[in-house]
file input.cif (mmCIF, C-alpha atoms and all ligand atoms)
data_protein
loop_
_atom_site.label_atom_id
_atom_site.label_comp_id
_atom_site.auth_asym_id
_atom_site.auth_seq_id
_atom_site.Cartn_x
_atom_site.Cartn_y
_atom_site.Cartn_z
CA MET K 1 -8.57 10.64 12.02
CA THR K 2 -6.13 12.86 10.23
CA THR K 3 -7.19 11.82 6.75
CA SER K 4 -10.44 10.95 5.11
CA PRO K 5 -9.84 7.43 3.87
CA THR K 6 -11.35 6.02 0.76
CA ILE K 7 -11.73 2.32 0.37
CA GLU K 8 -8.18 1.58 -0.68
CA THR K 9 -5.56 -0.26 1.31
CA ASN K 10 -2.75 1.98 0.10
CA VAL K 11 0.04 -0.04 1.64
CA LYS K 12 2.72 -1.96 -0.22
CA GLY K 13 0.87 -2.86 -3.38
CA LEU K 14 2.61 -4.22 -6.41
CA GLY K 15 4.55 -0.99 -6.39
CA GLU K 16 4.32 -0.12 -10.05
CA THR K 17 2.57 2.53 -12.04
CA SER K 18 3.55 1.50 -15.58
CA ALA K 19 1.05 1.26 -18.39
CA ARG K 20 1.49 -2.53 -18.60
CA ARG K 21 -1.80 -4.41 -18.89
CA ARG K 22 -2.73 -6.03 -15.59
CA ARG K 23 -3.85 -9.66 -15.76
CA ILE K 24 -6.90 -10.40 -13.65
CA ALA K 25 -8.12 -13.89 -12.76
CA VAL K 26 -11.89 -13.77 -12.30
CA ILE K 27 -13.56 -16.44 -10.14
CA PRO K 28 -17.29 -15.65 -9.80
CA GLY K 29 -17.90 -18.80 -7.70
CA ASP K 30 -21.39 -19.58 -6.42
CA GLY K 31 -24.78 -17.97 -5.87
CA ILE K 32 -24.77 -14.18 -6.03
CA GLY K 33 -21.02 -14.28 -6.76
CA LYS K 34 -22.05 -15.05 -10.35
CA GLU K 35 -24.20 -11.92 -10.44
CA VAL K 36 -22.08 -9.35 -8.63
CA ILE K 37 -18.71 -10.15 -10.21
CA PRO K 38 -19.90 -9.41 -13.79
CA GLU K 39 -21.03 -5.99 -12.51
CA ALA K 40 -17.59 -5.36 -10.96
CA CYS K 41 -16.01 -6.34 -14.31
CA ARG K 42 -18.44 -4.08 -16.18
CA VAL K 43 -17.32 -1.12 -14.06
CA LEU K 44 -13.63 -2.07 -14.41
CA GLU K 45 -13.96 -2.17 -18.21
CA VAL K 46 -15.14 1.42 -18.17
CA ALA K 47 -12.70 2.69 -15.54
CA CYS K 48 -9.65 0.99 -17.07
CA ALA K 49 -10.44 0.62 -20.75
CA GLY K 50 -7.74 -1.53 -22.32
CA MET K 51 -5.58 -1.68 -19.19
CA LEU K 52 -6.86 -4.97 -17.83
CA GLU K 53 -6.98 -8.48 -19.22
CA PHE K 54 -9.60 -10.80 -17.69
CA THR K 55 -9.48 -14.61 -17.57
CA GLU K 56 -12.42 -16.39 -16.01
CA PHE K 57 -12.22 -19.61 -14.01
CA ASP K 58 -15.31 -21.74 -13.34
CA TRP K 59 -14.25 -23.06 -9.93
CA GLY K 60 -17.21 -23.42 -7.62
CA ALA K 61 -20.11 -25.74 -6.76
CA ASP K 62 -21.34 -26.40 -10.34
CA ARG K 63 -17.90 -27.54 -11.47
CA TYR K 64 -17.39 -29.59 -8.29
CA LEU K 65 -20.74 -31.34 -8.72
CA ARG K 66 -19.99 -31.95 -12.39
CA ASP K 67 -16.47 -33.41 -12.24
CA GLY K 68 -15.23 -33.27 -8.63
CA THR K 69 -12.79 -30.39 -9.25
CA THR K 70 -12.33 -27.91 -6.40
CA LEU K 71 -9.01 -26.06 -6.68
CA PRO K 72 -6.82 -27.65 -9.36
CA VAL K 73 -3.44 -28.65 -7.89
CA ASP K 74 -1.49 -26.36 -10.19
CA ALA K 75 -3.79 -23.35 -9.61
CA PRO K 76 -1.75 -21.53 -6.94
CA GLU K 77 1.44 -21.67 -8.99
CA MET K 78 -0.39 -20.71 -12.19
CA LEU K 79 -2.10 -17.75 -10.49
CA SER K 80 1.20 -16.53 -8.99
CA LYS K 81 2.98 -16.78 -12.30
CA ASP K 82 0.38 -15.60 -14.78
CA PHE K 83 -1.74 -13.05 -12.89
CA ASP K 84 -1.44 -9.77 -11.01
CA ALA K 85 -4.67 -10.07 -9.00
CA ILE K 86 -7.71 -12.27 -8.45
CA LEU K 87 -11.30 -11.08 -8.22
CA LEU K 88 -13.52 -13.62 -6.47
CA GLY K 89 -17.28 -13.59 -5.85
CA ALA K 90 -18.35 -16.04 -3.16
CA MET K 91 -18.17 -19.76 -2.41
CA GLY K 92 -20.94 -21.78 -0.79
CA ASP K 93 -23.86 -23.80 -2.12
CA PRO K 94 -26.63 -25.69 -0.32
CA ARG K 95 -26.04 -28.65 -2.67
CA VAL K 96 -22.60 -29.07 -1.08
CA PRO K 97 -23.43 -29.17 2.64
CA SER K 98 -19.87 -30.16 3.61
CA ASN K 99 -18.63 -26.89 2.07
CA VAL K 100 -15.61 -28.87 0.87
CA HIS K 101 -15.26 -27.00 -2.41
CA ALA K 102 -15.40 -23.64 -0.66
CA ALA K 103 -12.76 -24.68 1.85
CA ASP K 104 -10.51 -25.98 -0.94
CA ILE K 105 -10.92 -22.96 -3.19
CA LEU K 106 -11.33 -19.98 -0.89
CA LEU K 107 -9.28 -21.05 2.11
CA GLY K 108 -6.96 -22.96 -0.24
CA LEU K 109 -6.11 -19.79 -2.15
CA ARG K 110 -5.69 -17.74 1.01
CA PHE K 111 -3.31 -20.33 2.48
CA LYS K 112 -1.45 -21.50 -0.61
CA LEU K 113 -0.83 -17.97 -1.90
CA ASP K 114 0.07 -16.99 1.69
CA LEU K 115 -2.36 -14.05 1.62
CA TYR K 116 -1.78 -13.24 5.25
CA VAL K 117 -3.56 -9.87 5.39
CA ASN K 118 -7.33 -9.80 5.19
CA ALA K 119 -8.09 -6.08 4.92
CA ARG K 120 -11.76 -5.29 5.56
CA PRO K 121 -12.55 -1.57 5.57
CA CYS K 122 -15.62 -0.38 7.50
CA ILE K 123 -16.41 3.06 6.11
CA LEU K 124 -19.80 4.70 6.37
CA PHE K 125 -20.49 6.51 3.08
CA ASP K 126 -23.79 8.04 4.10
CA ARG K 127 -25.22 8.49 7.59
CA LYS K 128 -28.66 7.35 6.49
CA MET K 129 -27.29 3.81 6.09
CA THR K 130 -26.06 3.03 9.59
CA PRO K 131 -28.42 1.38 12.08
CA LEU K 132 -26.54 3.18 14.88
CA LYS K 133 -28.46 6.13 16.24
CA ASP K 134 -26.98 9.60 15.70
CA ARG K 135 -23.79 8.30 14.07
CA THR K 136 -22.34 10.15 11.11
CA GLU K 137 -19.75 9.42 8.41
CA SER K 138 -16.80 10.61 10.53
CA ASP K 139 -17.73 8.18 13.32
CA ILE K 140 -17.37 5.02 11.26
CA GLN K 141 -14.09 4.94 9.35
CA PHE K 142 -11.87 2.10 10.39
CA MET K 143 -10.02 -0.87 8.98
CA VAL K 144 -10.19 -4.42 10.32
CA PHE K 145 -7.02 -6.43 9.65
CA ARG K 146 -7.77 -10.09 10.04
CA GLU K 147 -4.94 -12.64 10.21
CA ASN K 148 -5.72 -14.82 7.20
CA THR K 149 -3.49 -17.89 7.14
CA GLU K 150 -3.66 -19.63 10.51
CA GLY K 151 -5.57 -19.66 13.82
CA LEU K 152 -8.65 -21.84 14.02
CA TYR K 153 -8.74 -21.97 10.22
CA ALA K 154 -5.49 -23.95 9.94
CA GLY K 155 -7.45 -27.17 9.51
CA MET K 156 -5.62 -29.01 12.26
CA GLY K 157 -7.67 -31.43 14.30
CA GLY K 158 -9.91 -34.32 13.61
CA PHE K 159 -12.53 -36.76 14.73
CA PHE K 160 -12.22 -39.70 17.06
CA LYS K 161 -15.00 -42.30 17.20
CA LYS K 162 -16.97 -40.21 14.70
CA GLY K 163 -20.68 -40.88 14.66
CA THR K 164 -20.68 -42.74 17.99
CA PRO K 165 -21.95 -41.49 21.35
CA ASP K 166 -18.28 -41.25 22.45
CA GLU K 167 -17.30 -38.98 19.59
CA VAL K 168 -14.49 -36.44 20.06
CA ALA K 169 -13.94 -33.54 17.65
CA THR K 170 -10.96 -31.20 17.92
CA GLN K 171 -9.96 -28.04 16.03
CA GLU K 172 -6.57 -26.62 16.93
CA ASP K 173 -5.94 -22.87 17.21
CA VAL K 174 -2.59 -22.55 15.47
CA ASN K 175 -0.74 -19.29 16.10
CA THR K 176 2.86 -18.80 15.01
CA ARG K 177 5.26 -16.11 16.06
CA LYS K 178 5.88 -15.25 12.39
CA GLY K 179 2.17 -15.23 11.53
CA VAL K 180 1.15 -12.99 14.42
CA GLU K 181 4.07 -10.62 14.00
CA ARG K 182 3.55 -9.99 10.30
CA ILE K 183 -0.15 -9.09 10.59
CA VAL K 184 0.42 -6.91 13.66
CA ARG K 185 3.29 -5.15 11.90
CA TYR K 186 1.16 -4.67 8.78
CA ALA K 187 -1.52 -2.96 10.89
CA PHE K 188 1.00 -0.54 12.38
CA GLU K 189 2.60 0.12 8.99
CA TYR K 190 -0.82 0.87 7.52
CA ALA K 191 -1.58 3.29 10.36
CA ARG K 192 1.79 5.00 10.00
CA GLY K 193 1.46 5.19 6.21
CA ARG K 194 -1.88 6.96 6.51
CA GLY K 195 -1.17 9.12 9.53
CA LEU K 196 -3.70 7.25 11.65
CA ARG K 197 -3.22 7.51 15.38
CA ARG K 198 -4.78 4.39 16.86
CA VAL K 199 -4.23 0.65 16.52
CA CYS K 200 -6.33 -1.69 18.66
CA MET K 201 -5.38 -5.35 18.96
CA SER K 202 -8.16 -7.70 19.98
CA ASP K 203 -7.77 -11.19 21.38
CA LYS K 204 -9.11 -13.43 24.13
CA SER K 205 -5.91 -13.82 26.12
CA ASN K 206 -7.81 -13.98 29.41
CA ALA K 207 -9.19 -17.37 28.38
CA LEU K 208 -6.96 -18.59 25.54
CA THR K 209 -3.90 -18.39 27.73
CA PHE K 210 -1.41 -19.97 25.33
CA ALA K 211 -2.40 -18.95 21.82
CA HIS K 212 -3.33 -15.39 22.70
CA ASP K 213 -0.53 -14.93 25.19
CA LEU K 214 1.60 -15.01 22.05
CA TRP K 215 -0.53 -12.21 20.54
CA GLN K 216 -0.02 -10.16 23.71
CA ARG K 217 3.74 -10.55 23.72
CA VAL K 218 4.17 -9.89 20.01
CA PHE K 219 1.88 -6.84 20.12
CA HIS K 220 3.85 -5.44 23.07
CA LEU K 221 7.14 -5.81 21.17
CA VAL K 222 5.93 -4.44 17.82
CA ARG K 223 4.11 -1.42 19.28
CA GLN K 224 7.39 -0.10 20.65
CA GLU K 225 8.57 0.51 17.10
CA TYR K 226 5.64 2.88 16.52
CA PRO K 227 5.80 5.39 19.39
CA GLU K 228 3.65 7.94 17.54
CA ILE K 229 0.71 5.51 17.44
CA THR K 230 -1.57 4.85 20.42
CA ALA K 231 -1.67 1.08 20.76
CA SER K 232 -4.54 -0.37 22.75
CA HIS K 233 -5.97 -3.76 23.53
CA MET K 234 -9.53 -5.05 23.92
CA TYR K 235 -10.83 -8.53 24.52
CA ILE K 236 -12.94 -9.58 21.57
CA ASP K 237 -16.23 -9.60 23.48
CA ASN K 238 -15.62 -6.02 24.59
CA LEU K 239 -14.42 -5.00 21.10
CA LEU K 240 -17.66 -6.10 19.46
CA MET K 241 -19.70 -4.24 22.06
CA GLN K 242 -17.52 -1.11 21.66
CA MET K 243 -17.90 -1.20 17.87
CA VAL K 244 -21.63 -0.71 18.43
CA ARG K 245 -21.39 1.64 21.43
CA ASP K 246 -18.80 4.02 19.96
CA PRO K 247 -17.22 3.11 16.63
CA SER K 248 -15.48 6.51 16.45
CA GLN K 249 -12.79 5.25 18.83
CA PHE K 250 -11.26 3.01 16.14
CA ASP K 251 -8.88 3.69 13.26
CA VAL K 252 -7.25 0.27 12.85
CA ILE K 253 -8.24 -3.03 14.43
CA VAL K 254 -6.00 -6.09 14.19
CA THR K 255 -7.11 -9.53 15.27
CA CYS K 256 -6.92 -13.26 14.62
CA ASN K 257 -8.61 -15.16 11.83
CA VAL K 258 -11.93 -16.17 13.41
CA PHE K 259 -12.42 -12.98 15.42
CA GLY K 260 -11.71 -10.94 12.29
CA ASP K 261 -14.34 -12.90 10.40
CA ILE K 262 -16.94 -12.05 13.03
CA ALA K 263 -15.86 -8.45 13.62
CA SER K 264 -15.93 -7.69 9.89
CA ASP K 265 -19.57 -8.76 9.43
CA LEU K 266 -20.53 -6.57 12.39
CA GLY K 267 -18.39 -3.75 11.00
CA ALA K 268 -20.02 -4.16 7.59
CA GLN K 269 -23.48 -3.79 9.06
CA ILE K 270 -22.76 -0.64 11.07
CA ALA K 271 -21.16 0.82 7.93
CA GLY K 272 -24.28 0.30 5.84
CA GLY K 273 -24.68 -3.40 5.20
CA LEU K 274 -22.98 -6.59 4.12
CA GLY K 275 -23.78 -6.03 0.45
CA LEU K 276 -21.52 -3.01 0.46
CA ALA K 277 -18.44 -4.42 2.18
CA PRO K 278 -15.26 -5.19 0.21
CA SER K 279 -12.13 -7.01 1.29
CA GLY K 280 -8.62 -7.74 0.12
CA ASN K 281 -6.65 -10.92 0.79
CA ILE K 282 -3.16 -9.57 0.44
CA HIS K 283 0.45 -10.64 0.46
CA PRO K 284 2.36 -7.43 -0.19
CA GLY K 285 4.10 -7.55 -3.54
CA ARG K 286 2.49 -10.79 -4.67
CA VAL K 287 -0.68 -11.80 -6.52
CA SER K 288 -3.52 -10.91 -4.15
CA MET K 289 -7.23 -11.69 -4.09
CA PHE K 290 -10.15 -9.30 -3.73
CA GLU K 291 -13.62 -10.51 -2.71
CA PRO K 292 -16.71 -9.03 -1.09
CA VAL K 293 -17.15 -9.85 2.61
CA HIS K 294 -20.56 -11.36 1.95
CA GLY K 295 -21.25 -14.96 0.95
CA SER K 296 -23.23 -16.59 -1.83
CA ALA K 297 -26.63 -15.63 -0.31
CA PRO K 298 -28.50 -18.65 -1.77
CA ALA K 299 -31.94 -17.28 -0.86
CA ILE K 300 -31.61 -14.29 -3.19
CA ALA K 301 -29.30 -15.85 -5.82
CA GLY K 302 -30.37 -15.70 -9.46
CA LYS K 303 -33.04 -13.05 -8.83
CA ASN K 304 -31.15 -9.89 -9.76
CA LEU K 305 -31.58 -8.74 -6.14
CA ALA K 306 -28.00 -8.89 -4.85
CA ASP K 307 -26.22 -5.67 -4.10
CA PRO K 308 -23.17 -5.45 -6.40
CA LEU K 309 -21.58 -2.47 -4.64
CA GLY K 310 -19.38 -4.62 -2.34
CA ALA K 311 -17.95 -6.40 -5.38
CA ILE K 312 -17.54 -3.08 -7.21
CA LEU K 313 -15.66 -1.61 -4.24
CA CYS K 314 -13.44 -4.73 -4.31
CA ALA K 315 -12.59 -3.77 -7.85
CA ALA K 316 -11.53 -0.34 -6.56
CA MET K 317 -9.41 -1.91 -3.81
CA MET K 318 -7.81 -4.14 -6.42
CA LEU K 319 -6.94 -1.18 -8.66
CA GLU K 320 -5.35 0.60 -5.74
CA TYR K 321 -3.27 -2.50 -5.09
CA LEU K 322 -2.31 -2.68 -8.76
CA GLY K 323 -0.99 0.86 -8.73
CA LEU K 324 -4.00 2.49 -10.40
CA PRO K 325 -5.21 4.87 -7.66
CA ASP K 326 -6.90 7.39 -9.95
CA GLU K 327 -9.11 4.74 -11.52
CA ALA K 328 -9.83 3.32 -8.05
CA ARG K 329 -10.94 6.74 -6.86
CA GLU K 330 -13.26 7.16 -9.82
CA ILE K 331 -15.06 3.95 -8.90
CA ASP K 332 -15.21 4.95 -5.25
CA THR K 333 -16.71 8.32 -6.22
CA ALA K 334 -19.30 6.68 -8.49
CA VAL K 335 -20.38 4.28 -5.72
CA ARG K 336 -20.80 7.20 -3.34
CA ALA K 337 -22.92 8.96 -5.96
CA ALA K 338 -25.10 5.86 -6.43
CA ILE K 339 -25.76 5.77 -2.70
CA ARG K 340 -26.40 9.50 -2.48
CA GLU K 341 -28.88 9.38 -5.36
CA GLY K 342 -30.59 6.18 -4.22
CA LYS K 343 -29.47 4.24 -7.31
CA THR K 344 -29.14 1.05 -5.30
CA THR K 345 -30.63 -2.36 -4.66
CA GLU K 346 -33.36 -2.98 -2.08
CA ASP K 347 -30.99 -3.73 0.80
CA LEU K 348 -29.88 -0.08 0.65
CA GLY K 349 -33.39 1.26 0.17
CA GLY K 350 -33.31 1.59 -3.63
CA ASN K 351 -35.37 -0.20 -6.25
CA LEU K 352 -32.75 -1.15 -8.82
CA GLY K 353 -31.66 -4.68 -9.62
CA THR K 354 -28.10 -6.01 -9.51
CA ARG K 355 -27.52 -5.34 -13.20
CA GLU K 356 -29.14 -1.92 -13.22
CA THR K 357 -27.02 -0.82 -10.26
CA GLY K 358 -23.87 -2.03 -12.02
CA GLU K 359 -24.91 -0.20 -15.19
CA TRP K 360 -25.58 3.02 -13.26
CA VAL K 361 -22.17 2.92 -11.57
CA ALA K 362 -20.43 2.10 -14.86
CA GLY K 363 -22.29 5.01 -16.46
CA ALA K 364 -21.22 7.36 -13.68
CA VAL K 365 -17.59 6.29 -14.08
CA GLY K 366 -17.87 6.80 -17.83
CA ARG K 367 -19.32 10.33 -17.40
CA LYS K 368 -16.59 11.57 -15.03
P1 LIG K 401 -24.29 -14.44 3.28
O1 LIG K 401 -23.29 -13.33 3.35
O2 LIG K 401 -24.33 -15.19 2.00
O3 LIG K 401 -25.74 -13.87 3.60
C1 LIG K 401 -26.06 -13.27 4.84
C2 LIG K 401 -27.29 -12.37 4.67
O4 LIG K 401 -26.90 -11.18 3.94
C3 LIG K 401 -28.41 -13.00 3.85
O5 LIG K 401 -29.62 -12.51 4.34
C4 LIG K 401 -28.17 -12.48 2.44
O6 LIG K 401 -29.32 -12.46 1.64
C5 LIG K 401 -27.64 -11.08 2.73
N1 LIG K 401 -26.67 -10.64 1.69
C6 LIG K 401 -25.41 -11.05 1.55
N2 LIG K 401 -24.84 -10.45 0.51
C7 LIG K 401 -25.76 -9.64 -0.03
C8 LIG K 401 -25.76 -8.75 -1.14
N3 LIG K 401 -24.68 -8.57 -1.93
N4 LIG K 401 -26.89 -8.06 -1.40
C9 LIG K 401 -27.98 -8.20 -0.63
N5 LIG K 401 -28.04 -9.03 0.43
C10 LIG K 401 -26.93 -9.74 0.73
O7 LIG K 401 -23.93 -15.42 4.51
P2 LIG K 401 -24.55 -16.84 4.93
O8 LIG K 401 -26.02 -16.85 4.65
O9 LIG K 401 -24.06 -17.06 6.29
O10 LIG K 401 -23.81 -17.86 3.97
C11 LIG K 401 -24.34 -18.33 2.71
C12 LIG K 401 -23.26 -19.15 2.02
O11 LIG K 401 -22.15 -18.31 1.68
C13 LIG K 401 -22.66 -20.25 2.90
O12 LIG K 401 -22.37 -21.35 2.08
C14 LIG K 401 -21.38 -19.64 3.44
O13 LIG K 401 -20.42 -20.59 3.81
C15 LIG K 401 -20.93 -18.83 2.25
N6 LIG K 401 -20.06 -17.68 2.55
C16 LIG K 401 -19.05 -17.46 1.66
C17 LIG K 401 -18.24 -16.36 1.83
C18 LIG K 401 -17.14 -16.10 0.85
O14 LIG K 401 -17.07 -16.76 -0.18
N7 LIG K 401 -16.25 -15.17 1.07
C19 LIG K 401 -18.48 -15.45 2.87
C20 LIG K 401 -19.55 -15.71 3.76
C21 LIG K 401 -20.35 -16.83 3.59
C1 LIG K 402 -15.50 -14.90 4.85
C2 LIG K 402 -16.28 -16.20 4.94
C3 LIG K 402 -15.33 -17.40 4.98
C4 LIG K 402 -14.46 -17.25 6.22
C5 LIG K 402 -16.03 -18.76 4.95
C6 LIG K 402 -16.91 -18.93 3.74
C7 LIG K 402 -15.06 -19.91 5.03
O1 LIG K 402 -17.13 -16.17 6.01
O2 LIG K 402 -14.72 -14.73 3.91
O3 LIG K 402 -15.72 -14.02 5.69
O4 LIG K 402 -14.87 -17.64 7.32
O5 LIG K 402 -13.36 -16.73 6.08
MN MN K 403 -17.27 -14.21 6.98
#
call {"tool": "encode", "arguments": {"input": "input.cif", "output": "structure tokens"}}
result
Amino acid sequence: MTTSPTIETNVKGLGETSARRRRIAVIPGDGIGKEVIPEACRVLEVACAGMLEFTEFDWGADRYLRDGTTLPVDAPEMLSKDFDAILLGAMGDPRVPSNVHAADILLGLRFKLDLYVNARPCILFDRKMTPLKDRTESDIQFMVFRENTEGLYAGMGGFFKKGTPDEVATQEDVNTRKGVERIVRYAFEYARGRGLRRVCMSDKSNALTFAHDLWQRVFHLVRQEYPEITASHMYIDNLLMQMVRDPSQFDVIVTCNVFGDIASDLGAQIAGGLGLAPSGNIHPGRVSMFEPVHGSAPAIAGKNLADPLGAILCAAMMLEYLGLPDEAREIDTAVRAAIREGKTTEDLGGNLGTRETGEWVAGAVGRK
């Protein structure tokens, strides 16, 4: 590593630094999303007094169960036109076992807004938080770039003879030349922009000989444009093992949709825990969506137990994207202080609740 990264993505944001008020669409969603997002907003209010304008949307399981609404048809266009960024909590509720509302809202927004980059930083803030023996902060500082608009998530496939003993279920792995190239290129651009030396592409081309052959060929072409960067490849099974064995070998990882989903939960845990992990769903230059990596955690929802730091770090990522890096850094610094001083929820060894942690971080930002 040649730099010490903070949580920000720092690549091709909205590209403006004016004092214009940024319009933020807030979608708390389900479960702990409804607890952690208010804490992120509390911190944003302090960090950016008067610079942000929040509008809340009630899309999620309650609304779906009440009137059948998932993602309103005009939502993508409205969000693109009227907002600069979206802050989302989590989608998923045991009362909706099909997960249909979550697929419509969460995946719907990723696809319909064409948010092709899912940036999931794995950065260890304090060595006491990693379960990996003898690892320190400098060992765990990498970014996972997950392709976010195709692959196994494309929703292509179906059932044949559903519910019978002869049932067939298919789910197509859709990989396009354009889709693979733009995420691979984004990973290299990010590395170049930050002076990072290593980009590792992970696939399963030894078994998925069509879909991931495309990843191989595209990666080989794009890497040639970045001669200063060491480009490597690992099969996904090896990558996950290597992330545990020696995470210091990674600066930037780029992979397909489903592998990125899995790798980012593992990455979150080695970097301190799922409650702490932020992510950005980004289309450079367009309205983009920031959400913690974790889900709605139904078992702890409504108990003031959820860790809000992942959502608060999403707020910092969002500010960076919106061209407010100083405010983003203040939040990042306050979160590091909360961890250092043990002002955290139980998952990180503290004894504060969700609200009290949010209040502490907001207070630290206010005192800066
Ligand atoms: P989960 O992330 O909700 O929970 C996994 C484990 O981590 C649980 O033990 C939970 O208590 C713990 N956890 C998660 N976030 C935490 C936090 N902030 N503080 C403390 N502990 C935390 O994953 P799951 O249990 O697999 O899924 C639950 C629901 O969430 C499902 O409906 C799933 O589809 C959905 N989900 C949504 C998203 C999203 O909206 N982005 C992401 C993952 C899962
Ligand atoms: C995530 C989640 C989602 C995904 C689910 C809820 C569809 O796990 O954001 O990581 O798989 O992308
Ligand atoms: Mn996930």
call {"tool": "closest_residue", "arguments": {"input": "input.cif", "among": "K:Ala277, K:Ala75, K:Ala61, K:Ile282", "to": "ligand MN 403 (chain K)", "atoms": "all atoms listed in the file"}}
result
K:Ala277
call {"tool": "residues_around", "arguments": {"input": "input.cif", "residues": "Asn118 of chain K", "least_positions_apart": "3", "cutoff": "12 Å", "atoms": "all atoms listed in the file", "output": "ChimeraX atom specification"}}
result
/K:9,107,110-111,114-115,121,143-150,183-184,186-187,253-261,264,278-284,288-293
call {"tool": "closest_residue", "arguments": {"input": "input.cif", "among": "K:Val287, K:Glu53, K:Gln141, K:Asp93", "to": "Glu77 of chain K", "atoms": "all atoms listed in the file"}}
result
K:Val287
call {"tool": "residues_around", "arguments": {"input": "input.cif", "residues": "His294 of chain K", "least_positions_apart": "4", "cutoff": "10 Å", "atoms": "all atoms listed in the file", "output": "PyMOL selection string"}}
result
chain K and resi 32-33+89-91+264-265+268+273-279+310-311
call {"tool": "atom_distance", "arguments": {"input": "input.cif", "atom1": "atom CA of Glu137 of chain K", "atom2": "atom CA of Asp347 of chain K"}}
result
18.9 Å
call {"tool": "closest_residue", "arguments": {"input": "input.cif", "among": "K:Asp251, K:Glu181, K:Val117, K:Met317", "to": "Phe219 of chain K", "atoms": "all atoms listed in the file"}}
result
K:Glu181
call {"tool": "atom_distance", "arguments": {"input": "input.cif", "atom1": "atom O1 of ligand LIG 401 (chain K)", "atom2": "atom CA of Ser296 of chain K"}}
result
6.1 Å
call {"tool": "axis_aligned_box", "arguments": {"input": "input.cif", "around": "ligand LIG 402 (chain K)", "padding_each_side": "6 Å", "output": "AutoDock Vina command-line options"}}
result
--center_x -15.2 --center_y -17.0 --center_z 5.5 --size_x 15.8 --size_y 17.9 --size_z 15.6
call {"tool": "closest_atom_pairs", "arguments": {"input": "input.cif", "of": "segment 254-309 of chain K", "to": "segment 354-364 of chain K", "cutoff": "12 Å", "atoms": "all atoms listed in the file", "output": "CSV"}}
result
residue,atom,partner,partner_atom,distance
K:Gly275,CA,K:Thr354,CA,10.9
K:Ile300,CA,K:Thr354,CA,11.0
K:Ala301,CA,K:Thr354,CA,10.6
K:Gly302,CA,K:Thr354,CA,10.0
K:Lys303,CA,K:Thr354,CA,8.6
K:Asn304,CA,K:Thr354,CA,4.9
K:Leu305,CA,K:Thr354,CA,5.6
K:Ala306,CA,K:Thr354,CA,5.5
K:Asp307,CA,K:Thr354,CA,5.7
K:Pro308,CA,K:Thr354,CA,5.9
K:Leu309,CA,K:Gly358,CA,7.7
call {"tool": "write_last_selection", "arguments": {"input": "input.cif", "atoms": "C-alpha atoms", "output": "PDB file, keeping the file's coordinate frame"}}
result
ATOM      1  CA  GLY K 275     -23.780  -6.030   0.450  1.00  0.00           C
ATOM      2  CA  ILE K 300     -31.610 -14.290  -3.190  1.00  0.00           C
ATOM      3  CA  ALA K 301     -29.300 -15.850  -5.820  1.00  0.00           C
ATOM      4  CA  GLY K 302     -30.370 -15.700  -9.460  1.00  0.00           C
ATOM      5  CA  LYS K 303     -33.040 -13.050  -8.830  1.00  0.00           C
ATOM      6  CA  ASN K 304     -31.150  -9.890  -9.760  1.00  0.00           C
ATOM      7  CA  LEU K 305     -31.580  -8.740  -6.140  1.00  0.00           C
ATOM      8  CA  ALA K 306     -28.000  -8.890  -4.850  1.00  0.00           C
ATOM      9  CA  ASP K 307     -26.220  -5.670  -4.100  1.00  0.00           C
ATOM     10  CA  PRO K 308     -23.170  -5.450  -6.400  1.00  0.00           C
ATOM     11  CA  LEU K 309     -21.580  -2.470  -4.640  1.00  0.00           C
TER      12      LEU K 309
END
call {"tool": "residues_near_point", "arguments": {"input": "input.cif", "point": "(-19.0, 9.0, 13.3)", "cutoff": "9 Å", "atoms": "all atoms listed in the file", "output": "MDAnalysis selection string"}}
result
chainID K and resid 124 127 134:141 246:248
call {"tool": "atom_distance", "arguments": {"input": "input.cif", "atom1": "atom C3 of ligand LIG 401 (chain K)", "atom2": "atom CA of Leu266 of chain K"}}
result
13.3 Å
call {"tool": "closest_residue", "arguments": {"input": "input.cif", "among": "K:Arg340, K:Gly179, K:Tyr153, K:His220", "to": "ligand MN 403 (chain K)", "atoms": "all atoms listed in the file"}}
result
K:Tyr153
call {"tool": "closest_residue", "arguments": {"input": "input.cif", "among": "K:Ala299, K:Phe188, K:Met318, K:Phe125", "to": "Thr333 of chain K", "atoms": "only C-alpha atoms"}}
result
K:Phe125
call {"tool": "closest_residue", "arguments": {"input": "input.cif", "among": "K:Val365, K:Val180, K:Leu106, K:Val26", "to": "ligand MN 403 (chain K)", "atoms": "only C-alpha atoms and all ligand atoms"}}
result
K:Leu106
call {"tool": "residues_around", "arguments": {"input": "input.cif", "residues": "Phe57 of chain K", "least_positions_apart": "4", "cutoff": "8 Å", "atoms": "all atoms listed in the file", "output": "MDAnalysis selection string"}}
result
chainID K and resid 25:28
call {"tool": "write_last_selection", "arguments": {"input": "input.cif", "atoms": "C-alpha atoms", "output": "PDB file, keeping the file's coordinate frame"}}
result
ATOM      1  CA  ALA K  25      -8.120 -13.890 -12.760  1.00  0.00           C
ATOM      2  CA  VAL K  26     -11.890 -13.770 -12.300  1.00  0.00           C
ATOM      3  CA  ILE K  27     -13.560 -16.440 -10.140  1.00  0.00           C
ATOM      4  CA  PRO K  28     -17.290 -15.650  -9.800  1.00  0.00           C
TER       5      PRO K  28
END
call {"tool": "residues_around", "arguments": {"input": "input.cif", "residues": "segment 232-241 of chain K", "least_positions_apart": "5", "cutoff": "8 Å", "atoms": "all atoms listed in the file", "output": "ChimeraX atom specification"}}
result
/K:198-206,259,263,266
call {"tool": "residues_around", "arguments": {"input": "input.cif", "residues": "segment 47-51 of chain K", "least_positions_apart": "4", "cutoff": "9 Å", "atoms": "all atoms listed in the file", "output": "list in words"}}
result
Ala19, Arg20, Arg21, Arg22, Arg23, Arg42, Val43, Leu324, Glu327, Ala328, Glu330, Ile331, Ala362, Val365 and Gly366 of chain K
